[in-house]
Each structure stands twice: as structure tokens, then as C-alpha cells.
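Worksheet: the structure to be examined is printed underneath.
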Number of protein chains: 2
Amino acid sequence: MPELRQEPLTRRWVIISTERAKRPQDFKPKPIESHTGDCVFCAGNEEKTPPEIWAYRSPGTGRDQPGWWVRTIPNKFPALGIEGEMNERVNGLHKTMNGIGAHEVIVETPKHQVEFFHHPVQQIEEIIRMWRDRYLDLRQDKRLKYIMVFKNEGPEAGASLEHAHSQLVALPLLPKAIEEEIEGLKMHLKATNRCLFCDMVYQEGEDGTRLVAESDTMLAFCPYASRFPFETWIVPKRHEPDFGLISENEVHDLGTTLREVLVKFSMVLGSPPYNLLLHSTPVNVHIGVSYHWHIEILPRLTKTAGLEFGTDIFINPTPPEVAAESLRRYH
Amino acid sequence: MPELRQEPLTRRWVIISTERAKRPQDFKPKPIESHTGDCVFCAGNEEKTPPEIWAYRSPGTGRDQPGWWVRTIPNKFPALGIEGEMNERVNGLHKTMNGIGAHEVIVETPKHQVEFFHHPVQQIEEIIRMWRDRYLDLRQDKRLKYIMVFKNEGPEAGASLEHAHSQLVALPLLPKAIEEEIEGLKMHLKATNRCLFCDMVYQEGEDGTRLVAESDTMLAFCPYASRFPFETWIVPKRHEPDFGLISENEVHDLGTTLREVLVKFSMVLGSPPYNLLLHSTPVNVHIGVSYHWHIEILPRLTKTAGLEFGTDIFINPTPPEVAAESLRRYH
């Protein structure tokens, strides 16, 4: 079983794959798997993946058969596993938990297609619905505390298969990065009696210099203290902690806005590698403040190096105002 | 002037290069600069760098002339600048500081040589003395609060020039990652009345399963909750917050142990890219606990992807016990 280990100095948690331990010879670089007719995510190859968890498919087609348009399967090499006992133990300085959780792959299309922004908007909406459905299903497991949907696009952003897919990791604890967000929301609430994200939406909308795209219910902008060049956040205008409660209007607008941002990336930056993160409120735990779900898109144009890992201070060579202006120009 | 901007949600600081803003076309990938006879760091090309700050050189040789064996120069594209007023301002949600600080490059050898572990031990000792001398000099500037020496080796770790060099960044604030370390040290001190690093040295020495190398005054081990495969820390056995007060014995042992660890990396992993971070106590600020200086070496064999940036939880596919055992085997 994988282990969650806590670093005693910073109290950061780390997932250690104790079972299929990678030994030195396993780190030889290998090229990203390309389409050779036997891509495991393509329709027709369903038997090459673990049995499907959930799929949107045509009536009359069977599980693990073609006929689906979005399909969720367990990760073949999961970082965390759903079976086993919750168990926390301490040995001297070292705190350890069993690696209970879930690690799923959302295959975004049955065709061998690489880039997210090539999906038609209706398909993106279906992918968003699948993210929501998996989020709502997994949180019924009361052991789980945080569910993150994310997407790694391009090998520099950590993708190892080129067929368009996103991932979901469900964790038995509250990650430190989310605790910090909650702390920031609480401080702002205490000081102003308002939600920080709602204030951000208002201030970015008024100011306009960092605005990238806007629809009825969504605002896309480059955050003032962007860590990455061309970093873009999509924040719903309606205050809602819980991504599971996204409305059908918002699904549509998020699909349109997300596609628009990624088309702009492609036009301005030539389809850069990126990580997409969906942040929602923690599950099965009382956090004492009302979260505001949102999406962060981090283009990976610079290398994260010594200063960043040593101090958590990122050097961003492109001011977000310059980035947003370039992105706004294409529509 | 570069700006330091604070993210209102997580209160992380980011350095924004507002002057030489990188525009989209500047992100076309370029190969690492290789030796073409005109490497700016090579002896004989001193006039191609900004004027030197400090160098160890033979008597009778002049500033910015050959005859040096370790040479410190300003970074040609500094993340922070030493000139200007300290100035903090707030606009709505946005907190900003002038980018006051220093960014220096330590050229580790006059010859065109790529890898740190090819330096003779005496040369490594001289590099360590240069790190110490620059640290001691810069902290006389009372505006500076934290000084980090680091090294990016290999393009995947952020190096853009191949000639062996390290860097130093001096910051006008306490980075969040260091505040977290200080918090961890305080918690441990309160609970046990002891230094966490001293306890780590004792526990890792007794346990032995994560030990990599040892000398009279230094212990090298893979930390229990390693974020990166083969991550290795070198911690002095003597409790000392301040790297500036390293003894001559410790300079020698650190040189030997650092070289030994990097030779092991080369044997076991084939000269992997890595970041090396030198953590010392903050300067010109009272932190309320006694720090313990140390070095962290982070091999960059895996990609940092969506889960890591979204949650701060790293997936490490190599248990540190497995990594340490592989590294111990070569000596």
C-alpha cells in the first residue's frame, strides 16, 4: 500500500509509492507514448485498461465496450488506493498514514486526439459534467477529505500519454496548500466580512488590465501575483463553495470560457504545456469558512528551479498585465 | 525595478520582472549554451560579464583579469536589484514591494567544466568559502532578511549556462517556506525542548536505513518524507543556526561529503539534473528560535505536475530507504 508521510519540519505530506518502487534504472527518460494504433485510451481498446468506473455512453452499449464519449477508469498506477484501513502511526519524528484514497483517469474523447481545445464545446461540457459526477460520487466515502481534478497537458507538464485525459485524486487529508487558501479566506472575511474571490472578481472586472475573457457567469484573468507567465484563473461570478453544485448555465459558460482561454494560449504561445487545477471546497470536514470554487491554469514555459523550491518564491518574467493584454488580443 | 507581489489568498510572494518583460515570442525553447570558445564564464572572457564583486585570485592579478579560481559577479539578468527605496504599497487586494535585493553568480572554476563533482575537493572547499564570504558580506545590508545560495545543475533543473556556477539571491523579506520551517522548529522545541535537526541527525544516524554518507562533522541522508526520488540532505552534526559561522573543519567535511554524494548520484543515476539549496538562519530579523543550517539536494528525475502545484503534495515513486540503499552501495 502506498504511504502518506509527513515531513516533520514543514508538515507537508508526501505520497511514497512503497510497492512499485522506482529503482535507479527506471529513470531513463522515455518518450511520451504516441499514437501507434494501440493507444489504450482509444475506443476499441477498452479491454487494455482497468474496468471502467463510469462512462457516458449510447443506450444499448455495454460496459468496457465502444459507444462511450467520456469514460472514467482507475489509474493503472494509482498514487493512492481505495482499499484498506485508515491508519496513522508515529515513530519518533516520523508520522505516516496508509495511502487511502482514489486516483482516476477521465478519458476525454474516444478518438485519438491530443489537445483539449480541439474538443467541441458540447464535449467540454460533458467532460465538466463527468468531473462533477465523479466528485459527487467519491465524496460519499467519508474517509476522503479533499478531491482534486487536474489535467497535465504536454510532457513538460507531466503528461505521459498523449490521448486527451484529465485525472482525479481523492485524499484522506486536507493538503497544506488548501489549508493556506482557507486561512487566507478567513483572514479576508474577518477583515472585510466578504469573500476574497468575490472581491477578486469585482476588482479584476473593474480594473480590466488583467482580464482575459468573460462570459455571463465566469471571469478569466491573470492573477496579480501570477507565479507562472500567462497563468490564468477562471472564477465563477456566483459565490459557491462547492463545484458539485455547478449549475447547467455555469457548465455551459465554463466550457466556453475554458475553451476560449486554451485557444488563446494556442494562438499566442503555440499550445504550451500546462497544468489545469480545479479547486473546490474540502469534503466531509468542517472548515469554518465558505470556499469559492475556481480553476487555475498554469502554463509551463519556465523551469521551476532552486529558488522556487528553496523559498516558495517564484520568478515570473512576464507581468500578468502584459500576458493578459497579449491573450485579449486574440478572439 | 522588479516587483515583489503578494498573492492575497496564500500570501506567497512572487518576483515579477516588470522591466524586461518576456513576451510570448521570447518563450521559444532555446538549447543550453554550450562551449563554443566564447563562454562568458571562462577565464579570459572576464570583460563579457558585469564587473566582478569578489574573487579568489593570485597575488598580482587584477580585478576582471584572469588569475582567479572562484569569481562572483552580478547576475546579468537580476531577479532583484540592490539600488532603490524599500517601499511597500497596497491597492485594494494587492500588496507590492519594490524588488530590492541581490542576485549574484558564483563562477566555480575558470576552466570550462560542467559538473560540480569533477571539482577537486580543495576547489569545492573554496566554493564553500565563497558562499560563506558573500553571505557574510551581504547581510551587512540591514534591508535584507534572507539570503539563499543555490545551484541549478542541468537544463531540466533550470540551468541556462553549462559552465559550473552557483547563485545567490538576497531577499528583503522572509520567504514563506522559511517561515514554515521556523514554525516547525518552534513546535518541536516547545514539545521536546530540543532542536528538530539535532534530533533528525540522531535518529537517522541510529536508524541507518536512510543514511547516504557520513564524515566527522556532517551527516548525509535521504529524508523520511522526501519529495523527490533520491533527495538527499547534508546536515552538520554541530548545532549552529548560522552558515556564516561554519568552522574550517566543517568546510573540509562539507566539501568531502558534498562531493561524495554527487559522485554517488553520478554513479547510480548518471549525473541527474538537480537543485542544491543552502538553508541558513534569516539575517537582520529576530525569529524566536535557533535555526540549524543545512543543505538540501533535489534530483529532478520526475516532473512536478498538477497534483503537486495544486495541493503541495508530491508523489515520490522511490522510497527514501530504497534510494539510500542504492546510493550507499557506491563508495
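Every chain in the C-alpha cells takes a letter, A first, then B, and so on in the order presented; its residues are numbered from 1, and the ligands are numbered from 1 following the presented order.
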
Residues of chain A that have any atom at most 7 Å from an atom of chain B: could you tabulate them with the shortest-distance atom pair and the distance in Å to one decimal, using only C-alpha atoms, ordered by chain and increasing number, as a tab-separated table?
```
residue	atom	partner	partner_atom	distance
A:Arg5	CA	B:Ala225	CA	5.3
A:Gln6	CA	B:Ala225	CA	5.9
A:Glu7	CA	B:Ala225	CA	5.0
A:Pro8	CA	B:Gly184	CA	7.0
A:Leu9	CA	B:Gly184	CA	4.7
A:Thr10	CA	B:Glu181	CA	5.2
A:Arg12	CA	B:Ile313	CA	6.9
A:Trp13	CA	B:Ile313	CA	5.6
A:Val14	CA	B:Phe314	CA	5.1
A:Ile15	CA	B:Ile315	CA	4.7
A:Ile16	CA	B:Asn316	CA	5.0
A:Ser17	CA	B:Pro317	CA	4.9
A:Thr18	CA	B:Pro319	CA	5.8
A:Ala21	CA	B:Thr318	CA	5.0
A:Lys22	CA	B:Thr318	CA	5.0
A:Arg23	CA	B:Thr318	CA	6.7
A:Pro24	CA	B:Leu269	CA	5.8
A:Phe27	CA	B:Leu301	CA	6.5
A:Phe150	CA	B:Gly306	CA	5.8
A:Lys151	CA	B:Gly306	CA	6.4
A:Asn152	CA	B:Gly306	CA	6.0
A:Ala157	CA	B:Ala305	CA	5.5
A:Gly158	CA	B:Ala305	CA	5.1
A:Pro175	CA	B:Thr311	CA	5.4
A:Lys176	CA	B:Asp312	CA	6.4
A:Ala177	CA	B:Thr311	CA	5.0
A:Ile178	CA	B:Thr311	CA	6.4
A:Glu180	CA	B:Thr10	CA	5.4
A:Glu181	CA	B:Thr10	CA	5.2
A:Gly184	CA	B:Leu9	CA	4.8
A:Leu185	CA	B:Leu9	CA	6.5
A:Ala225	CA	B:Glu7	CA	5.0
A:Arg227	CA	B:Val14	CA	6.1
A:Val268	CA	B:Pro24	CA	6.4
A:Leu269	CA	B:Pro24	CA	5.8
A:Asn275	CA	B:Gly306	CA	5.1
A:Leu276	CA	B:Gly306	CA	6.5
A:Leu277	CA	B:Gly310	CA	6.1
A:Leu301	CA	B:Phe27	CA	6.5
A:Lys303	CA	B:Gly158	CA	5.2
A:Thr304	CA	B:Gly158	CA	6.5
A:Ala305	CA	B:Gly158	CA	5.1
A:Gly306	CA	B:Asn275	CA	5.1
A:Leu307	CA	B:Phe150	CA	6.9
A:Gly310	CA	B:Leu277	CA	6.1
A:Thr311	CA	B:Ala177	CA	5.0
A:Asp312	CA	B:Ala177	CA	5.6
A:Ile313	CA	B:Val14	CA	5.3
A:Phe314	CA	B:Val14	CA	5.1
A:Ile315	CA	B:Ile15	CA	4.7
A:Asn316	CA	B:Ile16	CA	5.1
A:Pro317	CA	B:Ser17	CA	4.9
A:Thr318	CA	B:Lys22	CA	5.0
A:Pro319	CA	B:Thr18	CA	5.8
```

Please produce a file of those selected residues containing C-alpha atoms, as a compact mmCIF listing (two decimals), in the first residue's frame.
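Saved as part_19.txt:
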```
# COMPACT_ATOMS: atom_id res chain seq x y z
CA ARG A 5 4.44 10.58 5.09
CA GLN A 6 4.63 13.91 6.87
CA GLU A 7 7.82 15.98 6.76
CA PRO A 8 8.38 16.98 10.42
CA LEU A 9 9.88 20.40 9.56
CA THR A 10 7.28 21.90 7.21
CA ARG A 12 3.99 18.87 4.22
CA TRP A 13 2.62 15.46 3.26
CA VAL A 14 4.29 13.33 0.58
CA ILE A 15 2.93 10.23 -1.19
CA ILE A 16 5.56 7.47 -1.21
CA SER A 17 4.95 4.59 -3.61
CA THR A 18 6.33 1.82 -1.45
CA ALA A 21 9.41 1.35 -6.04
CA LYS A 22 11.21 3.00 -8.90
CA ARG A 23 14.86 1.99 -8.85
CA PRO A 24 17.66 3.97 -10.49
CA PHE A 27 14.51 6.79 -14.53
CA PHE A 150 -6.45 18.22 -12.64
CA LYS A 151 -5.03 17.94 -16.10
CA ASN A 152 -1.39 17.72 -17.21
CA ALA A 157 3.76 19.41 -17.56
CA GLY A 158 3.97 15.76 -16.51
CA PRO A 175 -3.48 19.36 1.75
CA LYS A 176 -1.32 22.16 3.12
CA ALA A 177 -1.89 24.34 0.03
CA ILE A 178 -5.65 24.18 0.63
CA GLU A 180 -3.36 28.02 3.35
CA GLU A 181 -6.13 29.10 0.99
CA GLY A 184 -6.37 33.43 3.54
CA LEU A 185 -10.15 33.35 3.06
CA ALA A 225 0.78 37.74 -8.26
CA ARG A 227 3.63 32.50 -10.27
CA VAL A 268 -0.31 33.33 -28.57
CA LEU A 269 2.03 30.66 -27.20
CA ASN A 275 -1.39 22.14 -15.64
CA LEU A 276 -5.07 22.80 -15.01
CA LEU A 277 -6.30 22.60 -11.39
CA LEU A 301 7.05 27.94 -20.04
CA LYS A 303 11.61 25.88 -15.27
CA THR A 304 10.92 25.62 -11.57
CA ALA A 305 14.42 25.78 -10.08
CA GLY A 306 16.41 26.17 -6.85
CA LEU A 307 14.99 29.49 -5.68
CA GLY A 310 14.00 26.60 -1.57
CA THR A 311 11.88 29.65 -0.76
CA ASP A 312 8.49 29.11 -2.45
CA ILE A 313 9.12 32.47 -4.19
CA PHE A 314 8.62 32.12 -7.94
CA ILE A 315 10.29 34.38 -10.51
CA ASN A 316 7.78 35.30 -13.20
CA PRO A 317 9.39 37.05 -16.17
CA THR A 318 6.06 38.14 -17.69
CA PRO A 319 3.93 40.66 -15.76
```

Name the residues in contact with Pro74 of chain B at a cut-off of 10 Å, using only C-alpha atoms, excluding same-chain residues fewer than 5 positions from it; report them as a PDB file with C-alpha atoms, in the first residue's frame.
```pdb
ATOM      1  CA  THR B  49      30.419  39.794 -17.630  1.00  0.00           C
ATOM      2  CA  PRO B  50      29.365  42.658 -15.339  1.00  0.00           C
ATOM      3  CA  PRO B  51      32.325  43.823 -13.164  1.00  0.00           C
ATOM      4  CA  GLU B  52      33.262  41.255 -10.525  1.00  0.00           C
ATOM      5  CA  ILE B  53      32.092  41.625  -6.919  1.00  0.00           C
ATOM      6  CA  TRP B  54      34.686  39.400  -5.297  1.00  0.00           C
ATOM      7  CA  GLY B  81      18.295  44.889  -7.661  1.00  0.00           C
ATOM      8  CA  ALA B 102      20.757  40.983  -4.719  1.00  0.00           C
ATOM      9  CA  HIS B 103      21.253  38.286  -7.332  1.00  0.00           C
ATOM     10  CA  GLU B 104      24.825  37.081  -7.795  1.00  0.00           C
ATOM     11  CA  VAL B 105      26.540  34.319  -9.744  1.00  0.00           C
ATOM     12  CA  ILE B 106      29.456  32.375  -8.276  1.00  0.00           C
ATOM     13  CA  GLN B 167      23.839  31.552  -7.448  1.00  0.00           C
ATOM     14  CA  LEU B 168      22.872  33.683  -4.503  1.00  0.00           C
TER      15      LEU B 168
END
```

Could you please write out, as a ChimeraX atom specification, every residue of segment 148-215 of chain B that DSSP assigns to strand (DSSP E)? /B:148-153,165-171,211-214

d(atom CA of His286 of chain A, atom CA of Pro241 of chain A) in Å: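 Answer for the atom CA of His286 of chain A to atom CA of Pro241 of chain A separation: 12.4 Å.
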
Can you list every residue in segment 69-162 of chain B that DSSP puts in helix (DSSP H, G or I), as a PDB file with N, CA and C atoms, in the first residue's frame?
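out.pdb written:
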```pdb
ATOM      1  N   PHE B 116      29.784  19.697 -11.047  1.00  0.00           N
ATOM      2  CA  PHE B 116      30.323  20.073  -9.748  1.00  0.00           C
ATOM      3  C   PHE B 116      31.253  18.991  -9.192  1.00  0.00           C
ATOM      4  N   PHE B 117      30.880  17.724  -9.367  1.00  0.00           N
ATOM      5  CA  PHE B 117      31.654  16.675  -8.698  1.00  0.00           C
ATOM      6  C   PHE B 117      33.010  16.437  -9.367  1.00  0.00           C
ATOM      7  N   HIS B 118      33.256  17.063 -10.522  1.00  0.00           N
ATOM      8  CA  HIS B 118      34.588  16.993 -11.121  1.00  0.00           C
ATOM      9  C   HIS B 118      35.569  17.969 -10.468  1.00  0.00           C
ATOM     10  N   VAL B 121      38.441  18.346  -4.297  1.00  0.00           N
ATOM     11  CA  VAL B 121      37.855  18.724  -3.003  1.00  0.00           C
ATOM     12  C   VAL B 121      38.324  20.113  -2.566  1.00  0.00           C
ATOM     13  N   GLN B 122      39.577  20.441  -2.809  1.00  0.00           N
ATOM     14  CA  GLN B 122      40.103  21.762  -2.401  1.00  0.00           C
ATOM     15  C   GLN B 122      39.334  22.881  -3.099  1.00  0.00           C
ATOM     16  N   GLN B 123      38.960  22.650  -4.352  1.00  0.00           N
ATOM     17  CA  GLN B 123      38.193  23.647  -5.101  1.00  0.00           C
ATOM     18  C   GLN B 123      36.787  23.773  -4.503  1.00  0.00           C
ATOM     19  N   ILE B 124      36.178  22.655  -4.163  1.00  0.00           N
ATOM     20  CA  ILE B 124      34.838  22.695  -3.537  1.00  0.00           C
ATOM     21  C   ILE B 124      34.906  23.465  -2.220  1.00  0.00           C
ATOM     22  N   GLU B 125      35.975  23.245  -1.462  1.00  0.00           N
ATOM     23  CA  GLU B 125      36.133  23.999  -0.207  1.00  0.00           C
ATOM     24  C   GLU B 125      36.198  25.501  -0.493  1.00  0.00           C
ATOM     25  N   GLU B 126      36.905  25.876  -1.545  1.00  0.00           N
ATOM     26  CA  GLU B 126      36.994  27.301  -1.901  1.00  0.00           C
ATOM     27  C   GLU B 126      35.624  27.852  -2.307  1.00  0.00           C
ATOM     28  N   ILE B 127      34.848  27.053  -3.014  1.00  0.00           N
ATOM     29  CA  ILE B 127      33.486  27.477  -3.397  1.00  0.00           C
ATOM     30  C   ILE B 127      32.639  27.681  -2.139  1.00  0.00           C
ATOM     31  N   ILE B 128      32.752  26.756  -1.189  1.00  0.00           N
ATOM     32  CA  ILE B 128      32.002  26.889   0.076  1.00  0.00           C
ATOM     33  C   ILE B 128      32.437  28.162   0.808  1.00  0.00           C
ATOM     34  N   ARG B 129      33.751  28.447   0.804  1.00  0.00           N
ATOM     35  CA  ARG B 129      34.227  29.686   1.454  1.00  0.00           C
ATOM     36  C   ARG B 129      33.666  30.921   0.756  1.00  0.00           C
ATOM     37  N   MET B 130      33.556  30.857  -0.569  1.00  0.00           N
ATOM     38  CA  MET B 130      32.974  31.994  -1.308  1.00  0.00           C
ATOM     39  C   MET B 130      31.499  32.165  -0.930  1.00  0.00           C
ATOM     40  N   TRP B 131      30.751  31.057  -0.850  1.00  0.00           N
ATOM     41  CA  TRP B 131      29.347  31.147  -0.407  1.00  0.00           C
ATOM     42  C   TRP B 131      29.286  31.852   0.959  1.00  0.00           C
ATOM     43  N   ARG B 132      30.168  31.407   1.879  1.00  0.00           N
ATOM     44  CA  ARG B 132      30.185  31.995   3.224  1.00  0.00           C
ATOM     45  C   ARG B 132      30.542  33.486   3.171  1.00  0.00           C
ATOM     46  N   ASP B 133      31.567  33.825   2.391  1.00  0.00           N
ATOM     47  CA  ASP B 133      32.015  35.227   2.335  1.00  0.00           C
ATOM     48  C   ASP B 133      30.929  36.146   1.776  1.00  0.00           C
ATOM     49  N   ARG B 134      30.237  35.690   0.734  1.00  0.00           N
ATOM     50  CA  ARG B 134      29.176  36.528   0.156  1.00  0.00           C
ATOM     51  C   ARG B 134      28.006  36.663   1.130  1.00  0.00           C
ATOM     52  N   TYR B 135      27.700  35.564   1.830  1.00  0.00           N
ATOM     53  CA  TYR B 135      26.628  35.580   2.840  1.00  0.00           C
ATOM     54  C   TYR B 135      26.961  36.588   3.942  1.00  0.00           C
ATOM     55  N   LEU B 136      28.213  36.540   4.421  1.00  0.00           N
ATOM     56  CA  LEU B 136      28.628  37.453   5.499  1.00  0.00           C
ATOM     57  C   LEU B 136      28.657  38.902   5.022  1.00  0.00           C
ATOM     58  N   ASP B 137      29.049  39.115   3.769  1.00  0.00           N
ATOM     59  CA  ASP B 137      29.123  40.490   3.262  1.00  0.00           C
ATOM     60  C   ASP B 137      27.719  41.071   3.072  1.00  0.00           C
ATOM     61  N   LEU B 138      26.853  40.321   2.411  1.00  0.00           N
ATOM     62  CA  LEU B 138      25.536  40.863   2.059  1.00  0.00           C
ATOM     63  C   LEU B 138      24.680  41.160   3.277  1.00  0.00           C
ATOM     64  N   PRO B 155      19.749  21.480 -17.614  1.00  0.00           N
ATOM     65  CA  PRO B 155      18.633  22.307 -18.101  1.00  0.00           C
ATOM     66  C   PRO B 155      17.297  21.947 -17.456  1.00  0.00           C
ATOM     67  N   GLU B 156      17.058  20.680 -17.149  1.00  0.00           N
ATOM     68  CA  GLU B 156      15.783  20.293 -16.528  1.00  0.00           C
ATOM     69  C   GLU B 156      15.654  20.887 -15.134  1.00  0.00           C
ATOM     70  N   ALA B 157      16.779  21.278 -14.537  1.00  0.00           N
ATOM     71  CA  ALA B 157      16.748  21.888 -13.202  1.00  0.00           C
ATOM     72  C   ALA B 157      16.838  23.405 -13.280  1.00  0.00           C
TER      73      ALA B 157
END
```

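With distances restricted to only C-alpha atoms, A:Arg238 is the closest residue to His294 of chain A from A:Arg259, A:Arg238, A:His112, A:His252.
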
For atom CA of Ala191 of chain B and atom CA of Val289 of chain B, quote the distance in Å rounded to one decimal.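 Here the two named atoms are 13.3 Å from each other.
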